[in-house]
file coords-v7.cif (mmCIF, C-alpha atoms)
data_coords
loop_
_atom_site.label_atom_id
_atom_site.label_comp_id
_atom_site.auth_asym_id
_atom_site.auth_seq_id
_atom_site.Cartn_x
_atom_site.Cartn_y
_atom_site.Cartn_z
CA GLY A 1 20.44 -13.69 -19.39
CA ASP A 2 18.40 -13.63 -16.16
CA ARG A 3 15.25 -11.53 -15.98
CA ILE A 4 15.83 -9.15 -13.09
CA LEU A 5 13.67 -7.09 -10.75
CA ALA A 6 15.56 -4.41 -8.83
CA ILE A 7 15.14 -1.59 -6.33
CA THR A 8 16.72 1.51 -7.86
CA ASP A 9 15.44 4.17 -5.39
CA PHE A 10 15.93 6.83 -8.10
CA GLY A 11 16.84 6.78 -11.78
CA GLY A 12 14.70 3.81 -12.78
CA LEU A 13 13.27 5.55 -15.85
CA ALA A 14 16.34 4.76 -17.95
CA GLU A 15 17.41 2.29 -20.60
CA ARG A 16 20.36 1.13 -18.47
CA VAL A 17 20.83 1.32 -14.72
CA ALA A 18 23.34 -0.08 -12.22
CA VAL A 19 22.07 -1.49 -8.92
CA ASN A 20 23.57 -3.13 -5.86
CA VAL A 21 23.44 -6.92 -6.12
CA SER A 22 21.68 -7.11 -2.73
CA ARG A 23 18.75 -5.20 -4.26
CA ALA A 24 18.35 -7.33 -7.40
CA PHE A 25 16.13 -10.42 -7.63
CA ARG A 26 15.60 -13.04 -10.30
CA ILE A 27 12.03 -12.90 -11.62
CA PRO A 28 10.15 -16.24 -11.62
CA ASP A 29 9.92 -17.68 -15.13
CA ALA A 30 6.12 -17.47 -15.23
CA MET A 31 5.89 -13.85 -14.06
CA PRO A 32 5.44 -11.17 -16.75
CA PHE A 33 7.70 -8.12 -16.65
CA ASP A 34 4.86 -5.67 -15.96
CA THR A 35 3.66 -7.78 -13.02
CA ALA A 36 7.19 -7.78 -11.62
CA ALA A 37 7.43 -4.02 -12.08
CA ALA A 38 4.19 -3.58 -10.12
CA LEU A 39 5.12 -5.98 -7.33
CA LEU A 40 8.12 -4.96 -5.30
CA LEU A 41 7.64 -1.45 -3.93
CA THR A 42 3.92 -1.69 -3.19
CA TYR A 43 3.77 -5.26 -1.89
CA GLY A 44 7.18 -4.97 -0.25
CA THR A 45 6.11 -1.89 1.67
CA THR A 46 2.85 -3.55 2.61
CA ILE A 47 4.04 -6.95 3.75
CA TYR A 48 6.64 -5.21 5.90
CA ALA A 49 3.96 -2.92 7.34
CA LEU A 50 1.30 -5.54 8.02
CA ALA A 51 3.39 -8.56 8.98
CA SER A 52 6.44 -6.99 10.66
CA ARG A 53 5.39 -3.57 11.97
CA ALA A 54 1.74 -4.22 12.87
CA GLU A 55 1.98 -8.01 13.37
CA LEU A 56 -1.48 -8.40 11.83
CA LYS A 57 -3.15 -11.60 13.04
CA SER A 58 -5.74 -13.86 11.49
CA GLY A 59 -9.21 -12.81 12.56
CA GLU A 60 -8.33 -9.16 13.13
CA THR A 61 -9.99 -6.26 11.31
CA LEU A 62 -7.90 -4.18 8.91
CA LEU A 63 -9.03 -0.76 7.60
CA VAL A 64 -7.26 0.26 4.40
CA LEU A 65 -7.41 3.90 3.26
CA GLY A 66 -6.74 4.69 -0.40
CA ALA A 67 -7.68 1.09 -1.13
CA SER A 68 -7.68 1.38 -4.93
CA GLY A 69 -4.13 2.73 -5.21
CA GLY A 70 -1.00 0.63 -5.59
CA VAL A 71 -0.16 0.14 -1.91
CA GLY A 72 -3.85 0.15 -0.98
CA MET A 73 -4.70 -2.78 -3.23
CA ALA A 74 -1.61 -4.57 -2.00
CA ALA A 75 -2.86 -4.07 1.57
CA VAL A 76 -6.27 -5.50 0.66
CA GLU A 77 -4.75 -8.62 -0.90
CA LEU A 78 -2.09 -9.19 1.72
CA GLY A 79 -4.54 -8.50 4.54
CA LYS A 80 -6.75 -11.28 3.19
CA ALA A 81 -3.73 -13.57 2.72
CA LEU A 82 -2.88 -13.02 6.40
CA GLY A 83 -6.42 -13.92 7.46
CA ALA A 84 -7.82 -10.50 8.33
CA THR A 85 -11.28 -9.07 7.73
CA VAL A 86 -10.52 -6.22 5.32
CA VAL A 87 -12.51 -2.98 5.14
CA ALA A 88 -11.49 -1.01 2.05
CA ALA A 89 -12.02 2.76 1.96
CA ALA A 90 -11.76 4.80 -1.24
CA SER A 91 -13.06 8.02 -2.78
CA SER A 92 -15.60 6.58 -5.22
CA ALA A 93 -17.93 3.63 -5.71
CA GLU A 94 -15.90 2.59 -8.76
CA LYS A 95 -12.69 2.45 -6.72
CA CYS A 96 -14.45 0.54 -3.94
CA GLU A 97 -15.68 -2.00 -6.49
CA ILE A 98 -12.10 -2.56 -7.63
CA ALA A 99 -11.03 -3.06 -4.00
CA ALA A 100 -13.90 -5.52 -3.52
CA ARG A 101 -12.72 -7.52 -6.53
CA ALA A 102 -9.27 -7.59 -4.91
CA GLY A 103 -10.84 -9.34 -1.93
CA ALA A 104 -12.13 -6.69 0.48
CA ASP A 105 -14.90 -7.95 2.76
CA ARG A 106 -16.54 -4.53 3.11
CA THR A 107 -16.08 -1.16 1.45
CA VAL A 108 -16.78 2.46 2.35
CA VAL A 109 -16.75 5.56 0.15
CA TYR A 110 -15.26 8.63 1.82
CA PRO A 111 -15.57 12.25 0.63
CA ARG A 112 -12.69 14.32 -0.67
CA GLY A 113 -11.21 16.93 1.66
CA PRO A 114 -10.34 19.38 2.97
CA PHE A 115 -12.60 18.86 5.99
CA ASP A 116 -13.83 21.31 8.60
CA LYS A 117 -14.41 20.15 12.20
CA ASP A 118 -17.95 18.87 11.61
CA GLN A 119 -16.95 17.11 8.38
CA SER A 120 -14.02 15.48 10.17
CA LYS A 121 -16.39 14.16 12.85
CA ALA A 122 -18.74 12.86 10.17
CA LEU A 123 -15.84 11.07 8.46
CA ALA A 124 -14.84 9.47 11.77
CA ALA A 125 -18.42 8.24 12.19
CA LEU A 126 -18.32 6.83 8.66
CA PHE A 127 -15.14 4.86 9.43
CA LYS A 128 -16.51 3.66 12.79
CA ASP A 129 -19.66 2.37 11.15
CA ALA A 130 -17.63 0.59 8.48
CA VAL A 131 -15.30 -1.27 10.85
CA GLY A 132 -17.89 -2.11 13.53
CA GLU A 133 -18.28 -1.28 17.19
CA ASP A 134 -15.02 -2.95 18.26
CA GLY A 135 -12.98 -0.79 15.88
CA ALA A 136 -10.16 -1.65 13.48
CA ASP A 137 -7.26 -3.61 14.94
CA VAL A 138 -4.93 -2.25 12.25
CA ILE A 139 -5.32 0.88 10.12
CA TYR A 140 -3.24 1.24 6.95
CA ASP A 141 -2.94 4.93 6.05
CA PRO A 142 -1.13 6.04 2.87
CA LEU A 143 -3.19 9.26 2.72
CA GLY A 144 -2.36 11.31 5.82
CA GLY A 145 -3.71 14.86 5.81
CA GLY A 146 -7.30 15.23 6.90
CA TYR A 147 -8.01 11.50 6.77
CA SER A 148 -5.67 10.31 9.53
CA GLU A 149 -7.39 11.67 12.63
CA PRO A 150 -10.90 10.47 11.63
CA ALA A 151 -9.46 7.02 10.87
CA LEU A 152 -7.56 6.92 14.17
CA ARG A 153 -10.83 7.60 16.00
CA ALA A 154 -12.11 4.30 14.55
CA ILE A 155 -9.25 2.21 15.95
CA ALA A 156 -9.72 -0.68 18.37
CA TRP A 157 -8.31 -0.96 21.87
CA ASN A 158 -4.62 -1.88 21.49
CA GLY A 159 -4.87 -1.18 17.77
CA ARG A 160 -1.95 -0.31 15.48
CA PHE A 161 -2.10 2.72 13.17
CA LEU A 162 0.36 2.37 10.30
CA VAL A 163 1.82 5.59 8.89
CA ILE A 164 2.52 4.72 5.24
CA GLY A 165 2.48 7.99 3.30
CA PHE A 166 1.12 11.49 2.87
CA VAL A 167 -0.85 11.74 -0.38
CA ASP A 168 -3.13 14.30 1.30
CA GLY A 169 -0.35 15.99 3.27
CA ILE A 170 1.31 15.40 6.65
CA ALA A 171 -1.27 14.71 9.36
CA ARG A 172 -1.49 16.29 12.80
CA LEU A 173 -2.73 13.76 15.34
CA PRO A 174 -4.00 14.68 18.83
CA LEU A 175 -1.97 12.53 21.21
CA ASN A 176 -4.88 11.99 23.57
CA LEU A 177 -6.26 9.47 21.07
CA PRO A 178 -3.41 6.92 21.41
CA LEU A 179 -3.78 7.31 25.20
CA LEU A 180 -7.55 6.75 25.24
CA LYS A 181 -7.38 3.68 22.98
CA GLU A 182 -3.99 2.47 24.25
CA CYS A 183 -3.07 2.13 20.60
CA SER A 184 0.20 2.51 18.74
CA VAL A 185 1.08 4.88 15.91
CA VAL A 186 3.66 2.95 13.91
CA GLY A 187 5.97 4.41 11.28
CA THR A 188 6.77 2.26 8.24
CA LEU A 189 9.89 3.20 6.27
CA TRP A 190 10.38 0.18 4.04
CA GLY A 191 13.13 1.79 1.97
CA GLU A 192 15.34 2.12 5.03
CA PHE A 193 14.51 -1.44 6.08
CA THR A 194 15.72 -2.72 2.70
CA LYS A 195 19.11 -1.10 3.29
CA ARG A 196 19.50 -2.10 6.94
CA ASN A 197 18.28 -5.69 6.58
CA PRO A 198 19.08 -7.10 3.11
CA GLU A 199 18.56 -10.69 4.26
CA GLY A 200 15.14 -9.80 5.64
CA LEU A 201 14.34 -8.11 2.33
CA ARG A 202 15.29 -11.23 0.37
CA ARG A 203 13.07 -13.38 2.59
CA GLN A 204 10.19 -10.97 2.00
CA VAL A 205 10.66 -11.03 -1.76
CA ASP A 206 10.72 -14.84 -1.73
CA GLN A 207 7.49 -14.78 0.29
CA LEU A 208 5.86 -12.41 -2.21
CA PHE A 209 6.91 -14.58 -5.15
CA ALA A 210 5.39 -17.61 -3.37
CA LEU A 211 2.13 -15.75 -2.65
CA TRP A 212 1.94 -14.72 -6.32
CA ALA A 213 2.58 -18.30 -7.49
CA ASP A 214 -0.22 -19.49 -5.18
CA GLY A 215 -2.63 -16.92 -6.64
CA LYS A 216 -3.04 -15.05 -3.33
CA ILE A 217 -1.76 -11.75 -4.70
CA LYS A 218 -2.11 -10.35 -8.21
CA PRO A 219 -0.70 -6.87 -8.89
CA TYR A 220 -3.26 -4.87 -10.83
CA VAL A 221 -1.70 -2.92 -13.70
CA SER A 222 -4.36 -0.51 -14.93
CA LYS A 223 -2.26 1.14 -17.64
CA ASN A 224 1.00 0.64 -19.54
CA TYR A 225 2.94 3.58 -21.00
CA ALA A 226 5.66 3.58 -23.61
CA PHE A 227 9.00 5.00 -22.47
CA GLU A 228 8.47 8.32 -24.29
CA ARG A 229 5.19 8.79 -22.35
CA ALA A 230 6.79 8.46 -18.90
CA ALA A 231 5.97 12.09 -18.00
CA GLU A 232 2.28 11.37 -18.68
CA ALA A 233 2.41 8.42 -16.28
CA LEU A 234 3.98 10.57 -13.56
CA ASP A 235 1.35 13.27 -14.12
CA ASP A 236 -1.49 10.73 -13.83
CA MET A 237 -0.02 9.39 -10.60
CA SER A 238 0.63 12.79 -8.99
CA ASN A 239 -2.91 13.93 -9.81
CA ARG A 240 -4.45 10.79 -8.26
CA ARG A 241 -5.80 9.40 -11.52
CA ALA A 242 -4.06 6.06 -11.00
CA ILE A 243 -5.94 2.90 -10.06
CA GLY A 244 -3.69 0.05 -9.04
CA LYS A 245 -0.28 0.41 -10.69
CA LEU A 246 0.96 2.31 -13.72
CA VAL A 247 3.87 0.74 -15.61
CA VAL A 248 6.34 2.45 -17.97
CA THR A 249 7.83 0.00 -20.48
CA VAL A 250 11.36 0.97 -21.50
CA ASP A 251 11.82 -1.71 -24.15
CA PRO A 252 8.76 -2.31 -26.40
CA SER A 253 9.81 -5.93 -26.92
CA LEU A 254 9.06 -6.59 -23.24
CA ALA A 255 5.44 -5.36 -23.37
#

call {"tool": "encode", "arguments": {"input": "coords-v7.cif", "output": "structure tokens"}}
result
Amino acid sequence: GDRILAITDFGGLAERVAVNVSRAFRIPDAMPFDTAAALLLTYGTTIYALASRAELKSGETLLVLGASGGVGMAAVELGKALGATVVAAASSAEKCEIAARAGADRTVVYPRGPFDKDQSKALAALFKDAVGEDGADVIYDPLGGGYSEPALRAIAWNGRFLVIGFVDGIARLPLNLPLLKECSVVGTLWGEFTKRNPEGLRRQVDQLFALWADGKIKPYVSKNYAFERAAEALDDMSNRRAIGKLVVTVDPSLA
């Protein structure tokens, strides 16, 4: 009879699914199903990235790329919960406004690529202006592609650049930049962490539930889809039409 949230890796779009008990969690009584569905992968990835991999500290500056997407909005909220000054970057004023409502201190609109050399330099200048002359202590990059190098050029001395994903393709970074800023490029593979450290995962999930109960994080579900419209949801996500999280509801009685 328990309401369960689980990591399935693959095969989650099904009426019935079997999961390992170490990857299943009881949902708090007050949490709606769609909030739970929007919570674990995005906020789990992000709290692992910011707290464990980057060791983000209160008072530091965090630059979030793709700030209106699922992991991006999670980074904005969790960055604020950890005490950082959050600069949210997104591809439109509308998306930046959503990130601002999620708690971002400052926002910046970046253009869509691909970028030539001059456009890449201009994008770097845009990021530098947004984060300030000292640079960003931590950069959260789920985009990759042509956005990574310009963002890395805006990093602070001893900064940490988090590799989260590759929405825009796999980036090529010139290795002189980590040398010149004595910064770290840090990979974040949360899925592997969940398998290698199940106890650490459970502590993280408990922390996320507590942050939600305290009102410090609030997963933003922009659209719900019935089960038979799952392909439409995937198409919207793959074509970058998603803001926040999209949720597919398998059982209409749970909507």

call {"tool": "resolve_selection", "arguments": {"input": "coords-v7.cif", "expression": "the PyMOL selection byres ((chain A and resi 22) around 9)", "output": "PyMOL selection string"}}
result
chain A and resi 19-21+23-25+195+198-199+201-202

call {"tool": "residues_around", "arguments": {"input": "coords-v7.cif", "residues": "Leu123 of chain A", "least_positions_apart": "5", "cutoff": "8 Å", "atoms": "all atoms listed in the file", "output": "PyMOL selection string"}}
result
chain A and resi 110-111+150-151

call {"tool": "residues_around", "arguments": {"input": "coords-v7.cif", "residues": "Met73 of chain A", "least_positions_apart": "5", "cutoff": "7 Å", "atoms": "all atoms listed in the file", "output": "PyMOL selection string"}}
result
chain A and resi 67-68+99+102+244

call {"tool": "closest_residue", "arguments": {"input": "coords-v7.cif", "among": "A:Arg53, A:Thr42, A:Val17, A:Glu77", "to": "Gly215 of chain A", "atoms": "only C-alpha atoms"}}
result
A:Glu77

call {"tool": "atom_distance", "arguments": {"input": "coords-v7.cif", "atom1": "atom CA of Val86 of chain A", "atom2": "atom CA of Leu41 of chain A"}}
result
20.9 Å

call {"tool": "residues_around", "arguments": {"input": "coords-v7.cif", "residues": "segment 161-173 of chain A", "least_positions_apart": "2", "cutoff": "6 Å", "atoms": "all atoms listed in the file", "output": "number ranges by chain"}}
result
A: 138-145, 149, 185-188

call {"tool": "atom_distance", "arguments": {"input": "coords-v7.cif", "atom1": "atom CA of Pro178 of chain A", "atom2": "atom CA of Trp157 of chain A"}}
result
9.3 Å

call {"tool": "closest_residue", "arguments": {"input": "coords-v7.cif", "among": "A:Glu133, A:Val76, A:Gly159, A:Thr46", "to": "Gln204 of chain A", "atoms": "all atoms listed in the file"}}
result
A:Thr46

call {"tool": "residues_around", "arguments": {"input": "coords-v7.cif", "residues": "segment 227-242 of chain A", "least_positions_apart": "4", "cutoff": "8 Å", "atoms": "all atoms listed in the file", "output": "ChimeraX atom specification"}}
result
/A:13,69,222,246-251

call {"tool": "write_last_selection", "arguments": {"input": "coords-v7.cif", "atoms": "C-alpha atoms", "output": "tab-separated table (two decimals), keeping the file's coordinate frame"}}
result
chain	number	residue	atom	x	y	z
A	13	LEU	CA	13.27	5.55	-15.85
A	69	GLY	CA	-4.13	2.73	-5.21
A	222	SER	CA	-4.36	-0.51	-14.93
A	246	LEU	CA	0.96	2.31	-13.72
A	247	VAL	CA	3.87	0.74	-15.61
A	248	VAL	CA	6.34	2.45	-17.97
A	249	THR	CA	7.83	0.00	-20.48
A	250	VAL	CA	11.36	0.97	-21.50
A	251	ASP	CA	11.82	-1.71	-24.15

call {"tool": "closest_residue", "arguments": {"input": "coords-v7.cif", "among": "A:Arg106, A:Arg112, A:Lys117, A:Lys80", "to": "Ser92 of chain A", "atoms": "all atoms listed in the file"}}
result
A:Arg112

call {"tool": "atom_distance", "arguments": {"input": "coords-v7.cif", "atom1": "atom CA of Ala89 of chain A", "atom2": "atom CA of Gly191 of chain A"}}
result
25.2 Å

call {"tool": "resolve_selection", "arguments": {"input": "coords-v7.cif", "expression": "the PyMOL selection byres ((chain A and resi 206) around 12)", "output": "CSV table (one decimal) with C-alpha atoms, keeping the file's coordinate frame"}}
result
chain,number,residue,atom,x,y,z
A,25,PHE,CA,16.1,-10.4,-7.6
A,26,ARG,CA,15.6,-13.0,-10.3
A,27,ILE,CA,12.0,-12.9,-11.6
A,28,PRO,CA,10.2,-16.2,-11.6
A,39,LEU,CA,5.1,-6.0,-7.3
A,40,LEU,CA,8.1,-5.0,-5.3
A,43,TYR,CA,3.8,-5.3,-1.9
A,44,GLY,CA,7.2,-5.0,-0.2
A,47,ILE,CA,4.0,-7.0,3.8
A,199,GLU,CA,18.6,-10.7,4.3
A,200,GLY,CA,15.1,-9.8,5.6
A,201,LEU,CA,14.3,-8.1,2.3
A,202,ARG,CA,15.3,-11.2,0.4
A,203,ARG,CA,13.1,-13.4,2.6
A,204,GLN,CA,10.2,-11.0,2.0
A,205,VAL,CA,10.7,-11.0,-1.8
A,207,GLN,CA,7.5,-14.8,0.3
A,208,LEU,CA,5.9,-12.4,-2.2
A,209,PHE,CA,6.9,-14.6,-5.2
A,210,ALA,CA,5.4,-17.6,-3.4
A,211,LEU,CA,2.1,-15.8,-2.6
A,212,TRP,CA,1.9,-14.7,-6.3
A,213,ALA,CA,2.6,-18.3,-7.5

call {"tool": "closest_residue", "arguments": {"input": "coords-v7.cif", "among": "A:Ala49, A:Ala136, A:Val64, A:Ala125", "to": "Ala104 of chain A", "atoms": "all atoms listed in the file"}}
result
A:Val64

call {"tool": "resolve_selection", "arguments": {"input": "coords-v7.cif", "expression": "the PyMOL selection byres ((chain A and resi 182) around 9)", "output": "ChimeraX atom specification"}}
result
/A:156-159,177-181,183-184

call {"tool": "closest_residue", "arguments": {"input": "coords-v7.cif", "among": "A:Val131, A:Ala37, A:Ile217, A:Ala18", "to": "Arg101 of chain A", "atoms": "all atoms listed in the file"}}
result
A:Ile217

call {"tool": "build_atoms", "arguments": {"input": "coords-v7.cif", "residues": "segment 232-243 of chain A", "atoms": "all heavy atoms", "output": "mmCIF file, in the frame of the given file"}}
result
data_model
loop_
_atom_site.group_PDB
_atom_site.id
_atom_site.type_symbol
_atom_site.label_atom_id
_atom_site.label_comp_id
_atom_site.auth_asym_id
_atom_site.auth_seq_id
_atom_site.Cartn_x
_atom_site.Cartn_y
_atom_site.Cartn_z
ATOM 1 N N GLU A 232 3.736 11.503 -18.785
ATOM 2 C CA GLU A 232 2.280 11.370 -18.680
ATOM 3 C C GLU A 232 1.908 10.436 -17.522
ATOM 4 O O GLU A 232 0.958 10.702 -16.758
ATOM 5 C CB GLU A 232 1.718 10.846 -19.993
ATOM 6 C CG GLU A 232 0.209 10.682 -20.002
ATOM 7 C CD GLU A 232 -0.296 10.051 -21.288
ATOM 8 O OE1 GLU A 232 0.420 10.136 -22.321
ATOM 9 O OE2 GLU A 232 -1.392 9.478 -21.261
ATOM 10 N N ALA A 233 2.655 9.362 -17.376
ATOM 11 C CA ALA A 233 2.410 8.420 -16.280
ATOM 12 C C ALA A 233 2.622 9.102 -14.928
ATOM 13 O O ALA A 233 1.816 8.944 -13.997
ATOM 14 C CB ALA A 233 3.326 7.210 -16.413
ATOM 15 N N LEU A 234 3.700 9.870 -14.807
ATOM 16 C CA LEU A 234 3.980 10.570 -13.560
ATOM 17 C C LEU A 234 2.896 11.595 -13.256
ATOM 18 O O LEU A 234 2.494 11.789 -12.090
ATOM 19 C CB LEU A 234 5.349 11.242 -13.629
ATOM 20 C CG LEU A 234 6.546 10.286 -13.696
ATOM 21 C CD1 LEU A 234 7.832 11.066 -13.973
ATOM 22 C CD2 LEU A 234 6.677 9.501 -12.396
ATOM 23 N N ASP A 235 2.407 12.275 -14.302
ATOM 24 C CA ASP A 235 1.350 13.270 -14.120
ATOM 25 C C ASP A 235 0.058 12.594 -13.651
ATOM 26 O O ASP A 235 -0.630 13.099 -12.749
ATOM 27 C CB ASP A 235 1.117 14.033 -15.426
ATOM 28 C CG ASP A 235 0.107 15.147 -15.265
ATOM 29 O OD1 ASP A 235 0.407 16.117 -14.543
ATOM 30 O OD2 ASP A 235 -0.990 15.052 -15.845
ATOM 31 N N ASP A 236 -0.286 11.455 -14.239
ATOM 32 C CA ASP A 236 -1.490 10.730 -13.830
ATOM 33 C C ASP A 236 -1.380 10.285 -12.372
ATOM 34 O O ASP A 236 -2.361 10.346 -11.615
ATOM 35 C CB ASP A 236 -1.707 9.513 -14.731
ATOM 36 C CG ASP A 236 -2.259 9.885 -16.096
ATOM 37 O OD1 ASP A 236 -2.737 11.023 -16.252
ATOM 38 O OD2 ASP A 236 -2.200 9.038 -17.011
ATOM 39 N N MET A 237 -0.201 9.848 -11.967
ATOM 40 C CA MET A 237 -0.020 9.390 -10.600
ATOM 41 C C MET A 237 -0.090 10.562 -9.611
ATOM 42 O O MET A 237 -0.776 10.490 -8.584
ATOM 43 C CB MET A 237 1.321 8.670 -10.460
ATOM 44 C CG MET A 237 1.530 8.031 -9.101
ATOM 45 S SD MET A 237 2.979 6.963 -9.051
ATOM 46 C CE MET A 237 4.297 8.148 -9.278
ATOM 47 N N SER A 238 0.593 11.659 -9.919
ATOM 48 C CA SER A 238 0.630 12.790 -8.990
ATOM 49 C C SER A 238 -0.725 13.463 -8.850
ATOM 50 O O SER A 238 -1.007 14.081 -7.817
ATOM 51 C CB SER A 238 1.696 13.804 -9.423
ATOM 52 O OG SER A 238 1.361 14.373 -10.668
ATOM 53 N N ASN A 239 -1.577 13.340 -9.860
ATOM 54 C CA ASN A 239 -2.910 13.930 -9.810
ATOM 55 C C ASN A 239 -3.984 12.921 -9.417
ATOM 56 O O ASN A 239 -5.170 13.161 -9.624
ATOM 57 C CB ASN A 239 -3.252 14.574 -11.157
ATOM 58 C CG ASN A 239 -2.507 15.873 -11.366
ATOM 59 O OD1 ASN A 239 -2.802 16.878 -10.720
ATOM 60 N ND2 ASN A 239 -1.513 15.869 -12.250
ATOM 61 N N ARG A 240 -3.566 11.788 -8.866
ATOM 62 C CA ARG A 240 -4.450 10.790 -8.260
ATOM 63 C C ARG A 240 -5.446 10.219 -9.268
ATOM 64 O O ARG A 240 -6.589 9.925 -8.940
ATOM 65 C CB ARG A 240 -5.171 11.372 -7.028
ATOM 66 C CG ARG A 240 -4.209 11.777 -5.933
ATOM 67 C CD ARG A 240 -4.872 12.460 -4.775
ATOM 68 N NE ARG A 240 -5.711 11.538 -4.003
ATOM 69 C CZ ARG A 240 -6.311 11.877 -2.859
ATOM 70 N NH1 ARG A 240 -6.168 13.093 -2.379
ATOM 71 N NH2 ARG A 240 -7.060 11.009 -2.217
ATOM 72 N N ARG A 241 -4.974 10.056 -10.505
ATOM 73 C CA ARG A 241 -5.800 9.400 -11.520
ATOM 74 C C ARG A 241 -5.461 7.919 -11.653
ATOM 75 O O ARG A 241 -6.064 7.215 -12.459
ATOM 76 C CB ARG A 241 -5.625 10.101 -12.873
ATOM 77 C CG ARG A 241 -6.184 11.503 -12.928
ATOM 78 C CD ARG A 241 -6.187 12.059 -14.340
ATOM 79 N NE ARG A 241 -4.846 12.347 -14.828
ATOM 80 C CZ ARG A 241 -4.275 13.549 -14.759
ATOM 81 N NH1 ARG A 241 -4.920 14.549 -14.205
ATOM 82 N NH2 ARG A 241 -3.053 13.733 -15.235
ATOM 83 N N ALA A 242 -4.501 7.456 -10.877
ATOM 84 C CA ALA A 242 -4.060 6.060 -11.000
ATOM 85 C C ALA A 242 -4.967 5.137 -10.199
ATOM 86 O O ALA A 242 -5.375 5.456 -9.079
ATOM 87 C CB ALA A 242 -2.626 5.919 -10.513
ATOM 88 N N ILE A 243 -5.291 3.993 -10.766
ATOM 89 C CA ILE A 243 -5.940 2.900 -10.060
ATOM 90 C C ILE A 243 -5.013 1.702 -10.165
ATOM 91 O O ILE A 243 -4.556 1.345 -11.254
ATOM 92 C CB ILE A 243 -7.317 2.578 -10.667
ATOM 93 C CG1 ILE A 243 -8.276 3.757 -10.457
ATOM 94 C CG2 ILE A 243 -7.904 1.324 -10.049
ATOM 95 C CD1 ILE A 243 -9.634 3.562 -11.089
#
